[in-house]
Structures are given as C-alpha cells and as structure tokens.
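Take a look at the structure below.
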Amino acid sequence: MKRILVLHTGGTIAMKEDTLTGGVSPDVSNPLMDAPIHIEEDVELIVEDIFNLPSPHMTPNEMLQLKERIQLAHIGGVEGVVITHGTDTLEETAFFLDTTIGGQLPIVVTGAMRSSNEIGSDGLYNFESAIRVAKCPDAVNKGVLVVMNDEIHSARYVTKTHTTNIATFRTPTLGPIGLVTKHRIIFMQELLNSRQLDVDSVDGLFPIVKAYAGMTGELFNALADSQIDGLVIEALGAGNLPPQTIDPLKKLIARNIPVVLVSRCFNGIAEPVYDYPGGGIELQQLGIIFCNSINSQKARIKLLIAKNRGLPLPELTAFMEN
C-alpha cells in the first residue's frame, strides 16, 4: 500500500462559479474533499485541507509551511505528495519546493483553470492524474513535478502562459518531461541535477523590475535608497539594459545588494554577449549575476532561498548561475 499525502491549498480547483454573476470565488468547503475520484487499490490517501487561499494570496510563508509539512510526512513514511494549488502562483510554490527539498520523494503540484461547477471543469481530472504520477515508481528522483492537461512538467522550468486556457502550463525551449495517458505514465526526459538548499525562514524584500525601451535610472535610484535585500531584473534580449540604468545599479552593487539578471524573453537564456554601454558584458563586469535558465519569478524565489540560507556573495553567485 503506497501512502500519498494530499495537501489542498485552494485556488480555482477549489472554487465555484456564481451562476448569476459569473464570478468565481472560494467555496465554503473544498469540493475535492468529497469528490468521487478513481484511484488504484494499492494507494492510501492522507488528505489535509491545509489552506483555502486564492493563488495571489499565497506567500513564501505558506510555501515554507508546505515544505515543513512534507518533510514531516516523509519522516512518517509517506511515499508521495500531491498539492492542489491556484495556477497564478503555482509555479513559484513548485519551484520553492523543488529548490529546498527537491527529490526526497515524488511531489506533484496540480490545479485547474475552470472551477468545479463550470462546463468542462478540469480540476478533478488533473487531481486524479497527479495522484497517478505521485505513485509512479518512475517519478522518484525527478524533483517536483507539475501535472496538468495530460502533461508532466518539471517545476524548474514550467510557467503559466495563458490567462484562461486549460493548456496554460508550458515549458519554454524544452517542453514537458512526460505524459499521462489512459494506462501509463511516460517520462521522456531526464533533467540535470540541481543543488537544493533547505531553509527555515523566508525573510527579506526582493523586488522584480522589468526593463523596457527608454528606461532611465529613477527606479533603480529609489531602490538603491531603500532597504531591499536583493533585486531581480528582467533584462532585454540576451541580457542587456539601457545605458541610463548603469550608474544607479552601481550604487546597489556598492551596497553588496545582489542584483540578478534574467531575460524578459519567453525562450532562451540570458548571457553576457554584447559589448556596448549597458550590454551584458559590462553588466557582468559590474557584478550583476546572470541567472540563465529560469524566469524572473523563479529567480526571485531562488535568491530569497540563497539569502535566507546565509550564502556569502561568491557562493550565492555560483548558486544563482547554475
């Protein structure tokens, strides 16, 4: 008998649509708690309604609670975990868990794009699919997985790409690492190993700033005078910024504030290629850290973890770059 811990956290998968107004909001009780699901006889579900939060209400504090609950369950003999979650911040929670506890046991995160009483609701099907993946022996040592719409994605790279479509979760450049079929769970890719850092706090202020044409230095000047603990920048193209931003960024770096750079592009990676004022080569020489394989919201989570672990700047830089 394989013991699977189910942690419900809220989100659209736990909501209902008002038939008069069309508004979608949390239900009094989670409809998944008593929904008829079809699971194999060799699975025992341990179900907990740990939160009932809309996805934008999730914070790193709740992510930390989930991590600690999973670690406790693992000690108690649980062999897999399924988390139901709102889709807006699902990728951040999944990435936090992947970066802190990684492949200790199969952890599968799922959600829904349509609430429980809407036509074509996808929640129950995604939930059942997630349970199937969590119990699959091949899911061991795959890190945290996101399962929706018959696809298995790595938490490391998956992102939400559409506001309403049920096929919203995509992995840029690489695609899904596996598929859920009627009778099988099929994994088709292996990921490179990544470093995990466990933490017991999630303190600090880590804003994200998106670069744009004609950007000047006022915003960075304001941040340099604030009490931020780190900064993530969505840079242009392969990793470039307008030259007017350079002097204010020097102030941040002089204060030993880690400045992490990713590309605002959907595909590809950021790397120091261009050698002109504001180009990637100058940015790297200034001490800006190129985080070349994840998006800004995940880079922020990774930076938060590194700072709360107390990594010195050289080790933090190496952690962010890989």
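Chain labels follow the order of the structure tokens: the first chain is A, the next B, and so on; residue numbering restarts at 1 in every chain, and ligands are counted from 1 in their shown order.
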Give me the residues near stretch 250-260 of chain A as a ChimeraX atom specification, where near means some atom within 10 Å (using only C-alpha atoms) and where sequence neighbours in that chain fewer than 5 positions away do not count.
/A:206,208,220-221,223-235,245,283,286-292,296,299-300,303,307,313,316-317,320-321
Considering only C-alpha atoms, tabulate each residue of stretch 161-276 of chain A that lies at most 12 Å from stretch 96-102 of chain A along with its nearest interatomic pair and the corresponding distance in Å to one decimal; arrange the rows by chain and ascending residue number and present them as CSV.
```
residue,atom,partner,partner_atom,distance
A:Asn193,CA,A:Gly102,CA,9.9
A:Ser194,CA,A:Thr99,CA,8.0
A:Arg195,CA,A:Thr99,CA,7.1
A:Gln196,CA,A:Thr99,CA,4.9
A:Leu197,CA,A:Thr100,CA,4.8
A:Asp198,CA,A:Thr100,CA,4.5
A:Val199,CA,A:Thr100,CA,6.9
A:Asp200,CA,A:Thr100,CA,9.9
A:Ser201,CA,A:Thr100,CA,11.4
A:Val202,CA,A:Phe96,CA,10.5
```
Compile the contact shell of A:Ile185 as a ChimeraX atom specification: residues with an atom at most 9 Å away, counting only C-alpha atoms, same-chain residues fewer than 3 positions apart removed.
/A:132-133,136,138-139,178-182
Write a file of the selected residues as a PDB file, in the first residue's frame, keeping N, CA and C atoms.
```pdb
ATOM      1  N   ARG A 132      -1.871   9.652  -9.837  1.00  0.00           N
ATOM      2  CA  ARG A 132      -1.251   8.584 -10.627  1.00  0.00           C
ATOM      3  C   ARG A 132       0.251   8.812 -10.788  1.00  0.00           C
ATOM      4  N   VAL A 133       0.640  10.057 -11.035  1.00  0.00           N
ATOM      5  CA  VAL A 133       2.062  10.361 -11.209  1.00  0.00           C
ATOM      6  C   VAL A 133       2.800  10.218  -9.881  1.00  0.00           C
ATOM      7  N   CYS A 136       3.738   6.709  -9.138  1.00  0.00           N
ATOM      8  CA  CYS A 136       4.510   6.022 -10.176  1.00  0.00           C
ATOM      9  C   CYS A 136       5.972   5.873  -9.740  1.00  0.00           C
ATOM     10  N   ASP A 138       8.557   5.631 -11.468  1.00  0.00           N
ATOM     11  CA  ASP A 138       9.442   6.428 -12.324  1.00  0.00           C
ATOM     12  C   ASP A 138       9.481   7.900 -11.928  1.00  0.00           C
ATOM     13  N   ALA A 139       8.563   8.329 -11.043  1.00  0.00           N
ATOM     14  CA  ALA A 139       8.567   9.733 -10.601  1.00  0.00           C
ATOM     15  C   ALA A 139       9.593  10.003  -9.510  1.00  0.00           C
ATOM     16  N   GLY A 178       7.210  14.513 -19.549  1.00  0.00           N
ATOM     17  CA  GLY A 178       6.467  13.267 -19.584  1.00  0.00           C
ATOM     18  C   GLY A 178       5.002  13.476 -19.925  1.00  0.00           C
ATOM     19  N   LEU A 179       4.302  12.359 -20.081  1.00  0.00           N
ATOM     20  CA  LEU A 179       2.897  12.387 -20.460  1.00  0.00           C
ATOM     21  C   LEU A 179       2.081  11.472 -19.560  1.00  0.00           C
ATOM     22  N   VAL A 180       0.822  11.845 -19.368  1.00  0.00           N
ATOM     23  CA  VAL A 180      -0.142  10.998 -18.684  1.00  0.00           C
ATOM     24  C   VAL A 180      -1.092  10.447 -19.741  1.00  0.00           C
ATOM     25  N   THR A 181      -1.096   9.139 -19.921  1.00  0.00           N
ATOM     26  CA  THR A 181      -2.003   8.524 -20.886  1.00  0.00           C
ATOM     27  C   THR A 181      -3.083   7.745 -20.127  1.00  0.00           C
ATOM     28  N   LYS A 182      -3.965   7.111 -20.858  1.00  0.00           N
ATOM     29  CA  LYS A 182      -5.055   6.371 -20.222  1.00  0.00           C
ATOM     30  C   LYS A 182      -4.543   5.300 -19.262  1.00  0.00           C
TER      31      LYS A 182
END
```
Report the residues of stretch 147-243 of chain A whose backbone DSSP state falls under strand (DSSP E or B), written as a ChimeraX atom specification.
/A:147-148,151-154,159-160,169-170,178-180,185-187,208-210,231-236,240
Counting only C-alpha atoms, which of A:Thr19, A:Thr159, A:Ser121, A:Thr93 gets nearest to A:Thr171?
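Nearest to A:Thr171: A:Thr159.
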Please, what distance in Å, to one decimal, runs between atom CA of A:Asn117 and atom CA of A:Asp49?
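Answer for the atom CA of A:Asn117 to atom CA of A:Asp49 separation: 19.4 Å.
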Of the listed residues A:His8, A:Glu17, A:Val28, A:Glu68, that which approaches A:Phe51 most closely, counting only C-alpha atoms
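Going through A:His8, A:Glu17, A:Val28, A:Glu68 one by one, the smallest distance to A:Phe51 is for A:His8.
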Which one is closest to A:Glu91: A:Val108, A:Ala155, A:Ala211, A:Ile50? Count only C-alpha atoms.
A:Ala155
Which one of A:Pro31, A:Gly23, A:Pro106, A:Gly111 sits closest to A:Asn149 if you count only C-alpha atoms?
A:Gly111
Pick the closest to A:Ser55 from A:Ile39, A:Ala94, A:Thr9, A:Lys67: which is it, counting only C-alpha atoms?
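Of A:Ile39, A:Ala94, A:Thr9, A:Lys67, the one nearest A:Ser55, counting only C-alpha atoms, is A:Thr9.
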DSSP-assigned helix (DSSP H, G or I) among stretch 63-309 of chain A, expressed as number ranges by chain:
A: 63-75, 90-100, 123-134, 137-139, 218-224, 243-254, 280-286, 296-308
With only C-alpha atoms as the counted atoms, please give the residues lying no more than 8 Å from stretch 122-131 of chain A, apart from itself and same-chain residues fewer than 2 positions off, as JSON, numbers by chain.
{"A": [4, 13, 32, 35, 37, 38, 39, 82, 84, 108, 109, 110, 111, 112, 113, 114, 115, 116, 120, 133, 134, 135, 147, 148, 149, 150, 166, 180]}
